[in-house]
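Asks: Sharing a structure with you now.
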Amino acid sequence: MRLILVGPPGAGKGTQAARLVEKYGIPQLSTGDMLRAAMAAGTPVGLAAKELVDGGKLVPDDVVVGIIRERIAEADARKGFILDGFPRTVAQADALAEMLQEGGLALDAVIELRVDQTKLVDRIMKRAADAAASGQPVRKDDDPEVFKGRLEAYNRDTAVVIPYYEKAGLLSVVDGMQSIDQVSADIESVLTNLDEKV
Ligand code: AMP
């Protein structure tokens with residue numbers, strides 16, 4: 001299964017993707033996680049991306065497209081994958097379509113986690129507090145001011161990806177303001193219905 005989770009930062013994409021990994025045994029491909037790993041390892045990509053990521057700005061399309069191209073080619077992604085945080089622009093969506101087509105592959109579904117954006121700053125602050133409490137590193141971009149910029153980037157550059165997939169007949173919307181378990185259950189029912197359609 002090839003799936004995209006889309007929604008603003010803090011919508012719960014990472015949480016839901018992790019649950020889907022468990023259930024379906026396919027990897028979560030999070031460009032945010034990959035960029036943070038590259039930053040921590042000090043690779044050239046990481047060094048170039050650091051300022052943009054820490055500042056809540058989008059990394060150039062060619063950089064993330066390159067990362068995804070390499071990652072999709074790895075053996076564990078052959079059975080399928082869950083994209084989390086990619087594509088974030090129409091150019092990235094076009095590049096993904098092209099690379100899937102080259103491999104004779106297709107997307108099964110795009111699930112939008114629809115949330116009330118006025119509630120997201122609180123969620124992000126909770127994520128930062130939880131990370132600090134459990135001794136995990138706190139993301140530099142989980143800061144109220146930087147977060148505002150990330151939300152602006154989402155509304156300016158990424159929200160247009162939703163009608164893009166709606167036109168392609170791939171979009172399903174799930175209410176991301178529900179409990180984590182209820183969001184998972186709704187995603188499950190979207191995916192079950194796909195199985196029935198096939
Ligand atoms: P995330 O973990 O998905 O919230 O991503 C954290 C940050 O990584 C974003 O604010 C961007 O700076 C960068 N990033 C992640 N994915 C992408 C992408 N697909 N396109 C551009 N920048 C990205």
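In the structure tokens, chains take the letters A, B, ... in the order shown, each chain's residues start at 1, and ligands count up from 1 in the order shown.
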How would you write, as a PyMOL selection string, the set of residues no farther than 9 Å from ligand 1 when counting only C-alpha atoms and all ligand atoms?

Replies: chain A and resi 8-10+13-14+30-36+49-65+68+84-89+92+139+141-142+146-147+149-151+153-154+158

Asks: Between A:Leu113, A:Leu5, A:Ile26, A:Val90, which has the minimum distance to Arg156 in chain A (counting only C-alpha atoms)?

Replies: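 Closest to Arg156 in chain A of all the choices is A:Val90.
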
Asks: Would you kindly return, as a PyMOL selection string, each protein, DNA or RNA residue with an atom no farther than 12 Å from any atom of range 178-182 of chain A, considering only C-alpha atoms and excluding same-chain residues fewer than 5 positions away?

Replies: chain A and resi 11-19+113-116+187-189

Asks: How many Å lie between CA of Gln28 in chain A and CA of Val6 in chain A, rounded to one decimal?

Replies: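 Interatomic distance here is 13.0 Å.
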
Asks: Which value, in Å to one decimal, gives the distance between CA of Val21 in chain A and CA of Asp130 in chain A?

Replies: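 Between CA of Val21 in chain A and CA of Asp130 in chain A the gap is 22.1 Å.
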
Asks: Please return as number ranges by chain: the residues of range 1-152 of chain A that backbone DSSP assigns to helix (DSSP H, G or I).

Replies: A: 13-24, 31-41, 44-54, 61-72, 75-77, 90-102, 117-133, 144-152
